Amino acid sequence: MTIRNSKFTFTRLRYRSGDWDTDQRMPANLLNSLIEYTTIPVHPQEKVIDLSSNELFNAPFCYLSGHKLVQFDAQESAFFKKYVQNGGFIFVDDCNHDIAGLFAKSFETQMSSLFGPDALRKIPSTHDIYHSFFQFEKGPPTTSFELNGWGAGLVHDYLKAIEINGRMAVLYSNKDYGCEWVYDFRNKRFLAEDNTRFGVNIIMYAMGV
């Protein structure tokens, strides 16, 4: 799969369990950052598709998030696995920012079932995704929710990923980037530093640009 020479679409995955429609303003903010920082042509609105839909295989980049249970049905499981094995990229963000929460436990169980118990692994701070556009020498940037939320100050200094044939296919975060990036993009000017820049890195890496 590739999206070179075509418009980038931010595709959100809808799954039958849990709550898939979190942080609804975040995609517009991230798309604005792509327009601001890069020359990539983008569709101005996100697209929502069912994980069990054949539309999935036309989307080189997908986003999946939630707070609650992740329990894919048979078709969702089959399509998730087939999609990433065929070259797709899924960014998964735990809105609980809690490695022991329901989303984290159930999602990691799903990945173990689909890809094996050791497939989801921590990635080093030297990984290319931290240098695909902006430079993040210390690895994944910390979110304000990790520092001040119900995670009791717990900061995760790593992300996890599943690689398929040497290529990152699933990027998994407990850091709640979706909530960190959910503000209206017109308020970005009030930030000391634009915190969506790492989102740009994720998309640029996924696109292979």
# chains A, B, ... in the order shown; residues from 1 in each chain; ligands from 1
>>> residues_around(residues="region 46-48 of chain A", least_positions_apart="4", cutoff="10 Å", atoms="only C-alpha atoms", output="tab-separated table (two decimals) with N, CA and C atoms, in the first residue's frame")
chain	number	residue	atom	x	y	z
A	8	PHE	N	-3.72	12.52	1.17
A	8	PHE	CA	-3.74	11.77	2.41
A	8	PHE	C	-5.13	11.88	3.05
A	9	THR	N	-5.66	10.75	3.51
A	9	THR	CA	-6.93	10.71	4.22
A	9	THR	C	-6.71	10.16	5.61
A	10	PHE	N	-7.16	10.90	6.60
A	10	PHE	CA	-7.11	10.41	7.98
A	10	PHE	C	-8.30	9.50	8.18
A	11	THR	N	-8.04	8.20	8.30
A	11	THR	CA	-9.10	7.20	8.38
A	11	THR	C	-9.20	6.65	9.79
A	12	ARG	N	-10.38	6.80	10.38
A	12	ARG	CA	-10.63	6.28	11.72
A	12	ARG	C	-11.39	4.96	11.61
A	13	LEU	N	-10.98	3.98	12.43
A	13	LEU	CA	-11.61	2.67	12.41
A	13	LEU	C	-12.72	2.58	13.46
A	14	ARG	N	-13.87	2.15	13.00
A	14	ARG	CA	-15.01	1.90	13.88
A	14	ARG	C	-15.10	0.40	14.14
A	20	TRP	N	-15.16	3.81	19.98
A	20	TRP	CA	-14.17	4.09	18.93
A	20	TRP	C	-14.10	5.58	18.57
A	21	ASP	N	-15.13	6.38	18.92
A	21	ASP	CA	-15.25	7.76	18.42
A	21	ASP	C	-14.75	8.80	19.42
A	24	GLN	N	-12.92	13.82	18.89
A	24	GLN	CA	-13.46	14.03	17.55
A	24	GLN	C	-12.85	15.22	16.81
A	25	ARG	N	-12.29	16.19	17.53
A	25	ARG	CA	-11.68	17.33	16.85
A	25	ARG	C	-10.21	17.11	16.49
A	26	MET	N	-9.63	16.04	17.03
A	26	MET	CA	-8.21	15.81	16.82
A	26	MET	C	-7.80	15.67	15.36
A	27	PRO	N	-8.52	14.88	14.54
A	27	PRO	CA	-8.07	14.72	13.16
A	27	PRO	C	-7.96	16.03	12.39
A	28	ALA	N	-8.91	16.95	12.58
A	28	ALA	CA	-8.84	18.24	11.89
A	28	ALA	C	-7.60	19.02	12.30
A	31	LEU	N	-4.60	17.29	10.61
A	31	LEU	CA	-4.60	17.59	9.17
A	31	LEU	C	-4.12	19.01	8.93
A	42	VAL	N	-3.92	16.91	1.26
A	42	VAL	CA	-4.75	16.18	2.21
A	42	VAL	C	-6.22	16.41	1.95
A	55	GLU	N	-13.61	-1.42	2.58
A	55	GLU	CA	-12.99	-0.10	2.39
A	55	GLU	C	-11.65	-0.01	3.09
A	56	LEU	N	-11.48	-0.80	4.13
A	56	LEU	CA	-10.23	-0.78	4.89
A	56	LEU	C	-9.02	-0.93	3.99
A	59	ALA	N	-7.19	2.13	2.46
A	59	ALA	CA	-6.72	3.17	3.38
A	59	ALA	C	-5.34	2.81	3.91
A	62	CYS	N	-4.52	4.16	9.16
A	62	CYS	CA	-5.74	4.12	9.97
A	62	CYS	C	-5.43	4.45	11.42
A	63	TYR	N	-6.45	4.96	12.11
A	63	TYR	CA	-6.35	5.33	13.52
A	63	TYR	C	-7.42	4.57	14.29
>>> residues_around(residues="Asp73 (chain A)", least_positions_apart="2", cutoff="10 Å", atoms="only C-alpha atoms", output="NGL selection string")
:A and (15-17 or 51-52 or 70-71 or 75-78)
>>> write_last_selection(atoms="C-alpha atoms", output="JSON list (two decimals), in the first residue's frame")
[["chain", "number", "residue", "atom", "x", "y", "z"],
["A", 15, "TYR", "CA", -15.15, -1.39, 15.77],
["A", 16, "ARG", "CA", -18.19, -3.00, 17.37],
["A", 17, "SER", "CA", -16.94, -3.23, 20.96],
["A", 51, "LEU", "CA", -12.95, -2.39, 10.61],
["A", 52, "SER", "CA", -15.04, -5.13, 9.02],
["A", 70, "VAL", "CA", -11.50, -4.03, 22.61],
["A", 71, "GLN", "CA", -12.91, -7.35, 21.49],
["A", 75, "GLN", "CA", -14.39, -10.60, 10.66],
["A", 76, "GLU", "CA", -12.79, -7.60, 12.37],
["A", 77, "SER", "CA", -9.92, -9.81, 13.55],
["A", 78, "ALA", "CA", -9.41, -11.31, 10.11]]
>>> select_by_dssp(residues="region 65-158 of chain A", states="strand (DSSP E)", output="list of chain:residue names")
A:Ser65, A:Gly66, A:Phe89, A:Ile90, A:Phe91, A:Val92, A:Asp93, A:Asp94, A:Arg121, A:Lys122, A:Ile123
>>> write_last_selection(atoms="C-alpha atoms", output="PDB file, in the first residue's frame")
ATOM      1  CA  SER A  65      -8.635   4.489  19.817  1.00  0.00           C
ATOM      2  CA  GLY A  66     -10.869   4.114  22.839  1.00  0.00           C
ATOM      3  CA  PHE A  89      -0.414   0.964   8.971  1.00  0.00           C
ATOM      4  CA  ILE A  90      -2.559   1.371  12.091  1.00  0.00           C
ATOM      5  CA  PHE A  91      -1.863   3.884  14.849  1.00  0.00           C
ATOM      6  CA  VAL A  92      -3.570   2.735  18.053  1.00  0.00           C
ATOM      7  CA  ASP A  93      -3.899   5.142  20.988  1.00  0.00           C
ATOM      8  CA  ASP A  94      -5.114   4.217  24.472  1.00  0.00           C
ATOM      9  CA  ARG A 121       7.334  -4.931  21.400  1.00  0.00           C
ATOM     10  CA  LYS A 122       8.794  -1.725  22.783  1.00  0.00           C
ATOM     11  CA  ILE A 123      10.588   0.359  20.177  1.00  0.00           C
TER      12      ILE A 123
END
>>> residues_around(residues="Glu137 (chain A)", least_positions_apart="4", cutoff="12 Å", atoms="only C-alpha atoms", output="short mmCIF file (atom, residue, chain, number, x, y, z; two decimals) with C-alpha atoms, in the first residue's frame")
data_model
loop_
_atom_site.label_atom_id
_atom_site.label_comp_id
_atom_site.auth_asym_id
_atom_site.auth_seq_id
_atom_site.Cartn_x
_atom_site.Cartn_y
_atom_site.Cartn_z
CA PRO A 124 13.84 2.18 20.99
CA SER A 125 14.13 5.96 21.10
CA THR A 126 16.45 5.70 18.09
CA HIS A 127 13.68 4.35 15.85
CA ASP A 128 13.16 6.11 12.52
CA ILE A 129 9.68 7.26 13.51
CA TYR A 130 11.27 9.76 15.92
CA HIS A 131 13.24 11.29 13.07
CA SER A 132 10.90 10.95 10.09
CA PRO A 141 7.06 13.15 23.74
CA PHE A 198 4.85 14.04 16.63
#
>>> select_by_dssp(residues="region 117-181 of chain A", states="alpha helix (DSSP H)", output="list in words")
Ser144, Phe145, Glu146, Leu147, Asn148, Tyr177, Gly178, Cys179 and Glu180 of chain A
>>> write_last_selection(atoms="all heavy atoms", output="tab-separated table (two decimals), in the first residue's frame")
chain	number	residue	atom	x	y	z
A	144	SER	N	0.49	15.86	28.58
A	144	SER	CA	0.05	16.48	29.84
A	144	SER	C	-0.86	15.56	30.63
A	144	SER	O	-0.94	15.63	31.86
A	144	SER	CB	-0.65	17.80	29.55
A	144	SER	OG	-1.76	17.61	28.69
A	145	PHE	N	-1.56	14.65	29.94
A	145	PHE	CA	-2.47	13.74	30.62
A	145	PHE	C	-1.70	12.70	31.43
A	145	PHE	O	-2.15	12.26	32.48
A	145	PHE	CB	-3.39	13.06	29.60
A	145	PHE	CG	-4.29	14.04	28.91
A	145	PHE	CD1	-3.93	14.60	27.69
A	145	PHE	CD2	-5.47	14.45	29.50
A	145	PHE	CE1	-4.74	15.53	27.07
A	145	PHE	CE2	-6.29	15.38	28.89
A	145	PHE	CZ	-5.92	15.92	27.67
A	146	GLU	N	-0.54	12.31	30.93
A	146	GLU	CA	0.30	11.39	31.71
A	146	GLU	C	0.75	12.05	33.00
A	146	GLU	O	0.78	11.43	34.06
A	146	GLU	CB	1.53	11.01	30.90
A	146	GLU	CG	1.28	10.10	29.73
A	146	GLU	CD	2.57	9.81	29.00
A	146	GLU	OE1	3.05	10.69	28.26
A	146	GLU	OE2	3.09	8.70	29.17
A	147	LEU	N	1.09	13.33	32.92
A	147	LEU	CA	1.64	14.04	34.06
A	147	LEU	C	0.58	14.44	35.08
A	147	LEU	O	0.82	14.46	36.28
A	147	LEU	CB	2.39	15.29	33.59
A	147	LEU	CG	3.63	15.03	32.73
A	147	LEU	CD1	4.17	16.34	32.19
A	147	LEU	CD2	4.70	14.31	33.53
A	148	ASN	N	-0.64	14.75	34.60
A	148	ASN	CA	-1.64	15.35	35.48
A	148	ASN	C	-2.94	14.58	35.58
A	148	ASN	O	-3.83	14.97	36.34
A	148	ASN	CB	-1.98	16.77	34.98
A	148	ASN	CG	-0.75	17.65	34.94
A	148	ASN	OD1	0.00	17.70	35.89
A	148	ASN	ND2	-0.55	18.35	33.83
A	177	TYR	N	-2.28	10.40	23.07
A	177	TYR	CA	-2.00	11.51	22.16
A	177	TYR	C	-3.28	12.12	21.60
A	177	TYR	O	-3.34	13.32	21.32
A	177	TYR	CB	-1.10	11.05	21.02
A	177	TYR	CG	0.35	10.88	21.42
A	177	TYR	CD1	0.98	9.64	21.32
A	177	TYR	CD2	1.08	11.96	21.90
A	177	TYR	CE1	2.31	9.49	21.69
A	177	TYR	CE2	2.41	11.81	22.27
A	177	TYR	CZ	3.02	10.57	22.17
A	177	TYR	OH	4.34	10.43	22.54
A	178	GLY	N	-4.31	11.30	21.43
A	178	GLY	CA	-5.56	11.83	20.88
A	178	GLY	C	-6.11	12.97	21.71
A	178	GLY	O	-6.50	14.01	21.18
A	179	CYS	N	-6.13	12.81	23.04
A	179	CYS	CA	-6.60	13.88	23.91
A	179	CYS	C	-5.65	15.07	23.91
A	179	CYS	O	-6.06	16.22	24.03
A	179	CYS	CB	-6.78	13.36	25.34
A	179	CYS	SG	-8.23	12.30	25.55
A	180	GLU	N	-4.38	14.79	23.77
A	180	GLU	CA	-3.38	15.87	23.75
A	180	GLU	C	-3.54	16.74	22.51
A	180	GLU	O	-3.27	17.95	22.54
A	180	GLU	CB	-1.97	15.25	23.77
A	180	GLU	CG	-0.85	16.25	23.92
A	180	GLU	CD	-0.63	16.70	25.36
A	180	GLU	OE1	-1.46	16.38	26.23
A	180	GLU	OE2	0.38	17.38	25.60
>>> closest_residue(among="A:His67, A:Phe134, A:Asn54, A:Ser113", to="Ala100 (chain A)", atoms="only C-alpha atoms")
A:His67
>>> closest_residue(among="A:Tyr83, A:Leu64, A:Ser6, A:His156", to="Thr39 (chain A)", atoms="only C-alpha atoms")
A:Ser6
>>> closest_residue(among="A:Asp176, A:Glu108, A:Asp118, A:Asp194", to="Leu30 (chain A)", atoms="only C-alpha atoms")
A:Asp194
>>> closest_residue(among="A:Gly199, A:Gly139, A:Pro117, A:Pro60", to="Gln85 (chain A)", atoms="only C-alpha atoms")
A:Pro60
>>> closest_residue(among="A:Arg197, A:Ala119, A:Gln135, A:Phe57", to="Tyr37 (chain A)", atoms="only C-alpha atoms")
A:Arg197
>>> decode(residues="region 90-106 of chain A", atoms="all heavy atoms", output="PDB file, in the first residue's frame")
ATOM      1  N   ILE A  90      -1.540   0.963  11.125  1.00  0.00           N
ATOM      2  CA  ILE A  90      -2.559   1.371  12.091  1.00  0.00           C
ATOM      3  C   ILE A  90      -1.886   2.000  13.307  1.00  0.00           C
ATOM      4  O   ILE A  90      -1.010   1.390  13.936  1.00  0.00           O
ATOM      5  CB  ILE A  90      -3.421   0.175  12.545  1.00  0.00           C
ATOM      6  CG1 ILE A  90      -4.102  -0.483  11.340  1.00  0.00           C
ATOM      7  CG2 ILE A  90      -4.479   0.644  13.556  1.00  0.00           C
ATOM      8  CD1 ILE A  90      -4.947  -1.700  11.710  1.00  0.00           C
ATOM      9  N   PHE A  91      -2.302   3.215  13.634  1.00  0.00           N
ATOM     10  CA  PHE A  91      -1.863   3.884  14.849  1.00  0.00           C
ATOM     11  C   PHE A  91      -2.956   3.694  15.894  1.00  0.00           C
ATOM     12  O   PHE A  91      -4.090   4.141  15.706  1.00  0.00           O
ATOM     13  CB  PHE A  91      -1.598   5.366  14.578  1.00  0.00           C
ATOM     14  CG  PHE A  91      -1.340   6.188  15.817  1.00  0.00           C
ATOM     15  CD1 PHE A  91      -0.550   5.704  16.851  1.00  0.00           C
ATOM     16  CD2 PHE A  91      -1.872   7.467  15.935  1.00  0.00           C
ATOM     17  CE1 PHE A  91      -0.314   6.462  17.989  1.00  0.00           C
ATOM     18  CE2 PHE A  91      -1.641   8.235  17.063  1.00  0.00           C
ATOM     19  CZ  PHE A  91      -0.862   7.734  18.099  1.00  0.00           C
ATOM     20  N   VAL A  92      -2.614   3.044  16.989  1.00  0.00           N
ATOM     21  CA  VAL A  92      -3.570   2.735  18.053  1.00  0.00           C
ATOM     22  C   VAL A  92      -3.197   3.535  19.296  1.00  0.00           C
ATOM     23  O   VAL A  92      -2.050   3.478  19.761  1.00  0.00           O
ATOM     24  CB  VAL A  92      -3.566   1.226  18.377  1.00  0.00           C
ATOM     25  CG1 VAL A  92      -4.574   0.920  19.485  1.00  0.00           C
ATOM     26  CG2 VAL A  92      -3.876   0.412  17.123  1.00  0.00           C
ATOM     27  N   ASP A  93      -4.167   4.272  19.845  1.00  0.00           N
ATOM     28  CA  ASP A  93      -3.899   5.142  20.988  1.00  0.00           C
ATOM     29  C   ASP A  93      -4.871   4.832  22.115  1.00  0.00           C
ATOM     30  O   ASP A  93      -6.091   4.880  21.941  1.00  0.00           O
ATOM     31  CB  ASP A  93      -4.040   6.604  20.549  1.00  0.00           C
ATOM     32  CG  ASP A  93      -3.524   7.576  21.593  1.00  0.00           C
ATOM     33  OD1 ASP A  93      -2.448   7.325  22.167  1.00  0.00           O
ATOM     34  OD2 ASP A  93      -4.196   8.601  21.831  1.00  0.00           O
ATOM     35  N   ASP A  94      -4.324   4.512  23.280  1.00  0.00           N
ATOM     36  CA  ASP A  94      -5.114   4.217  24.472  1.00  0.00           C
ATOM     37  C   ASP A  94      -5.490   5.519  25.151  1.00  0.00           C
ATOM     38  O   ASP A  94      -4.648   6.218  25.708  1.00  0.00           O
ATOM     39  CB  ASP A  94      -4.283   3.335  25.412  1.00  0.00           C
ATOM     40  CG  ASP A  94      -4.967   3.065  26.743  1.00  0.00           C
ATOM     41  OD1 ASP A  94      -6.157   3.400  26.885  1.00  0.00           O
ATOM     42  OD2 ASP A  94      -4.302   2.520  27.640  1.00  0.00           O
ATOM     43  N   CYS A  95      -6.774   5.856  25.149  1.00  0.00           N
ATOM     44  CA  CYS A  95      -7.226   7.115  25.753  1.00  0.00           C
ATOM     45  C   CYS A  95      -7.197   7.094  27.276  1.00  0.00           C
ATOM     46  O   CYS A  95      -7.394   8.128  27.906  1.00  0.00           O
ATOM     47  CB  CYS A  95      -8.643   7.449  25.272  1.00  0.00           C
ATOM     48  SG  CYS A  95      -8.720   7.900  23.541  1.00  0.00           S
ATOM     49  N   ASN A  96      -6.959   5.933  27.867  1.00  0.00           N
ATOM     50  CA  ASN A  96      -6.852   5.859  29.331  1.00  0.00           C
ATOM     51  C   ASN A  96      -5.456   6.191  29.838  1.00  0.00           C
ATOM     52  O   ASN A  96      -5.268   6.358  31.033  1.00  0.00           O
ATOM     53  CB  ASN A  96      -7.204   4.444  29.817  1.00  0.00           C
ATOM     54  CG  ASN A  96      -8.669   4.125  29.658  1.00  0.00           C
ATOM     55  OD1 ASN A  96      -9.515   4.981  29.867  1.00  0.00           O
ATOM     56  ND2 ASN A  96      -8.972   2.902  29.286  1.00  0.00           N
ATOM     57  N   HIS A  97      -4.479   6.273  28.927  1.00  0.00           N
ATOM     58  CA  HIS A  97      -3.059   6.389  29.282  1.00  0.00           C
ATOM     59  C   HIS A  97      -2.725   5.545  30.518  1.00  0.00           C
ATOM     60  O   HIS A  97      -2.132   6.000  31.488  1.00  0.00           O
ATOM     61  CB  HIS A  97      -2.622   7.847  29.461  1.00  0.00           C
ATOM     62  CG  HIS A  97      -3.481   8.691  30.368  1.00  0.00           C
ATOM     63  ND1 HIS A  97      -4.547   9.402  29.903  1.00  0.00           N
ATOM     64  CD2 HIS A  97      -3.431   8.956  31.695  1.00  0.00           C
ATOM     65  CE1 HIS A  97      -5.117  10.056  30.899  1.00  0.00           C
ATOM     66  NE2 HIS A  97      -4.445   9.797  31.993  1.00  0.00           N
ATOM     67  N   ASP A  98      -3.081   4.281  30.452  1.00  0.00           N
ATOM     68  CA  ASP A  98      -2.926   3.397  31.602  1.00  0.00           C
ATOM     69  C   ASP A  98      -2.603   1.985  31.099  1.00  0.00           C
ATOM     70  O   ASP A  98      -3.434   1.332  30.485  1.00  0.00           O
ATOM     71  CB  ASP A  98      -4.226   3.386  32.405  1.00  0.00           C
ATOM     72  CG  ASP A  98      -4.137   2.546  33.676  1.00  0.00           C
ATOM     73  OD1 ASP A  98      -3.087   1.901  33.887  1.00  0.00           O
ATOM     74  OD2 ASP A  98      -5.111   2.547  34.441  1.00  0.00           O
ATOM     75  N   ILE A  99      -1.402   1.526  31.382  1.00  0.00           N
ATOM     76  CA  ILE A  99      -0.982   0.219  30.870  1.00  0.00           C
ATOM     77  C   ILE A  99      -1.745  -0.935  31.507  1.00  0.00           C
ATOM     78  O   ILE A  99      -1.697  -2.057  31.015  1.00  0.00           O
ATOM     79  CB  ILE A  99       0.538   0.002  31.061  1.00  0.00           C
ATOM     80  CG1 ILE A  99       0.937   0.086  32.536  1.00  0.00           C
ATOM     81  CG2 ILE A  99       1.331   0.982  30.225  1.00  0.00           C
ATOM     82  CD1 ILE A  99       2.388  -0.247  32.806  1.00  0.00           C
ATOM     83  N   ALA A 100      -2.468  -0.664  32.605  1.00  0.00           N
ATOM     84  CA  ALA A 100      -3.240  -1.712  33.267  1.00  0.00           C
ATOM     85  C   ALA A 100      -4.746  -1.522  33.075  1.00  0.00           C
ATOM     86  O   ALA A 100      -5.538  -2.212  33.698  1.00  0.00           O
ATOM     87  CB  ALA A 100      -2.912  -1.754  34.760  1.00  0.00           C
ATOM     88  N   GLY A 101      -5.145  -0.575  32.234  1.00  0.00           N
ATOM     89  CA  GLY A 101      -6.556  -0.288  32.020  1.00  0.00           C
ATOM     90  C   GLY A 101      -7.218  -1.289  31.088  1.00  0.00           C
ATOM     91  O   GLY A 101      -6.562  -2.123  30.463  1.00  0.00           O
ATOM     92  N   LEU A 102      -8.536  -1.162  30.963  1.00  0.00           N
ATOM     93  CA  LEU A 102      -9.304  -2.115  30.183  1.00  0.00           C
ATOM     94  C   LEU A 102      -8.924  -2.078  28.706  1.00  0.00           C
ATOM     95  O   LEU A 102      -8.780  -3.126  28.072  1.00  0.00           O
ATOM     96  CB  LEU A 102     -10.804  -1.838  30.347  1.00  0.00           C
ATOM     97  CG  LEU A 102     -11.759  -2.768  29.591  1.00  0.00           C
ATOM     98  CD1 LEU A 102     -11.518  -4.227  29.979  1.00  0.00           C
ATOM     99  CD2 LEU A 102     -13.201  -2.370  29.858  1.00  0.00           C
ATOM    100  N   PHE A 103      -8.785  -0.893  28.137  1.00  0.00           N
ATOM    101  CA  PHE A 103      -8.412  -0.805  26.724  1.00  0.00           C
ATOM    102  C   PHE A 103      -7.062  -1.473  26.499  1.00  0.00           C
ATOM    103  O   PHE A 103      -6.897  -2.286  25.591  1.00  0.00           O
ATOM    104  CB  PHE A 103      -8.370   0.654  26.262  1.00  0.00           C
ATOM    105  CG  PHE A 103      -8.043   0.819  24.804  1.00  0.00           C
ATOM    106  CD1 PHE A 103      -9.050   0.933  23.864  1.00  0.00           C
ATOM    107  CD2 PHE A 103      -6.734   0.860  24.360  1.00  0.00           C
ATOM    108  CE1 PHE A 103      -8.765   1.071  22.505  1.00  0.00           C
ATOM    109  CE2 PHE A 103      -6.421   0.999  23.012  1.00  0.00           C
ATOM    110  CZ  PHE A 103      -7.448   1.116  22.085  1.00  0.00           C
ATOM    111  N   ALA A 104      -6.087  -1.120  27.328  1.00  0.00           N
ATOM    112  CA  ALA A 104      -4.733  -1.657  27.149  1.00  0.00           C
ATOM    113  C   ALA A 104      -4.710  -3.181  27.252  1.00  0.00           C
ATOM    114  O   ALA A 104      -4.158  -3.873  26.393  1.00  0.00           O
ATOM    115  CB  ALA A 104      -3.792  -1.041  28.184  1.00  0.00           C
ATOM    116  N   LYS A 105      -5.322  -3.693  28.297  1.00  0.00           N
ATOM    117  CA  LYS A 105      -5.296  -5.145  28.500  1.00  0.00           C
ATOM    118  C   LYS A 105      -6.010  -5.890  27.375  1.00  0.00           C
ATOM    119  O   LYS A 105      -5.518  -6.891  26.855  1.00  0.00           O
ATOM    120  CB  LYS A 105      -5.929  -5.491  29.844  1.00  0.00           C
ATOM    121  CG  LYS A 105      -5.063  -5.146  31.049  1.00  0.00           C
ATOM    122  CD  LYS A 105      -5.728  -5.607  32.333  1.00  0.00           C
ATOM    123  CE  LYS A 105      -4.826  -5.389  33.533  1.00  0.00           C
ATOM    124  NZ  LYS A 105      -5.474  -5.839  34.800  1.00  0.00           N
ATOM    125  N   SER A 106      -7.183  -5.372  26.993  1.00  0.00           N
ATOM    126  CA  SER A 106      -7.957  -6.086  25.978  1.00  0.00           C
ATOM    127  C   SER A 106      -7.338  -5.941  24.592  1.00  0.00           C
ATOM    128  O   SER A 106      -7.329  -6.895  23.813  1.00  0.00           O
ATOM    129  CB  SER A 106      -9.414  -5.613  25.972  1.00  0.00           C
ATOM    130  OG  SER A 106      -9.518  -4.217  25.731  1.00  0.00           O
TER     131      SER A 106
END
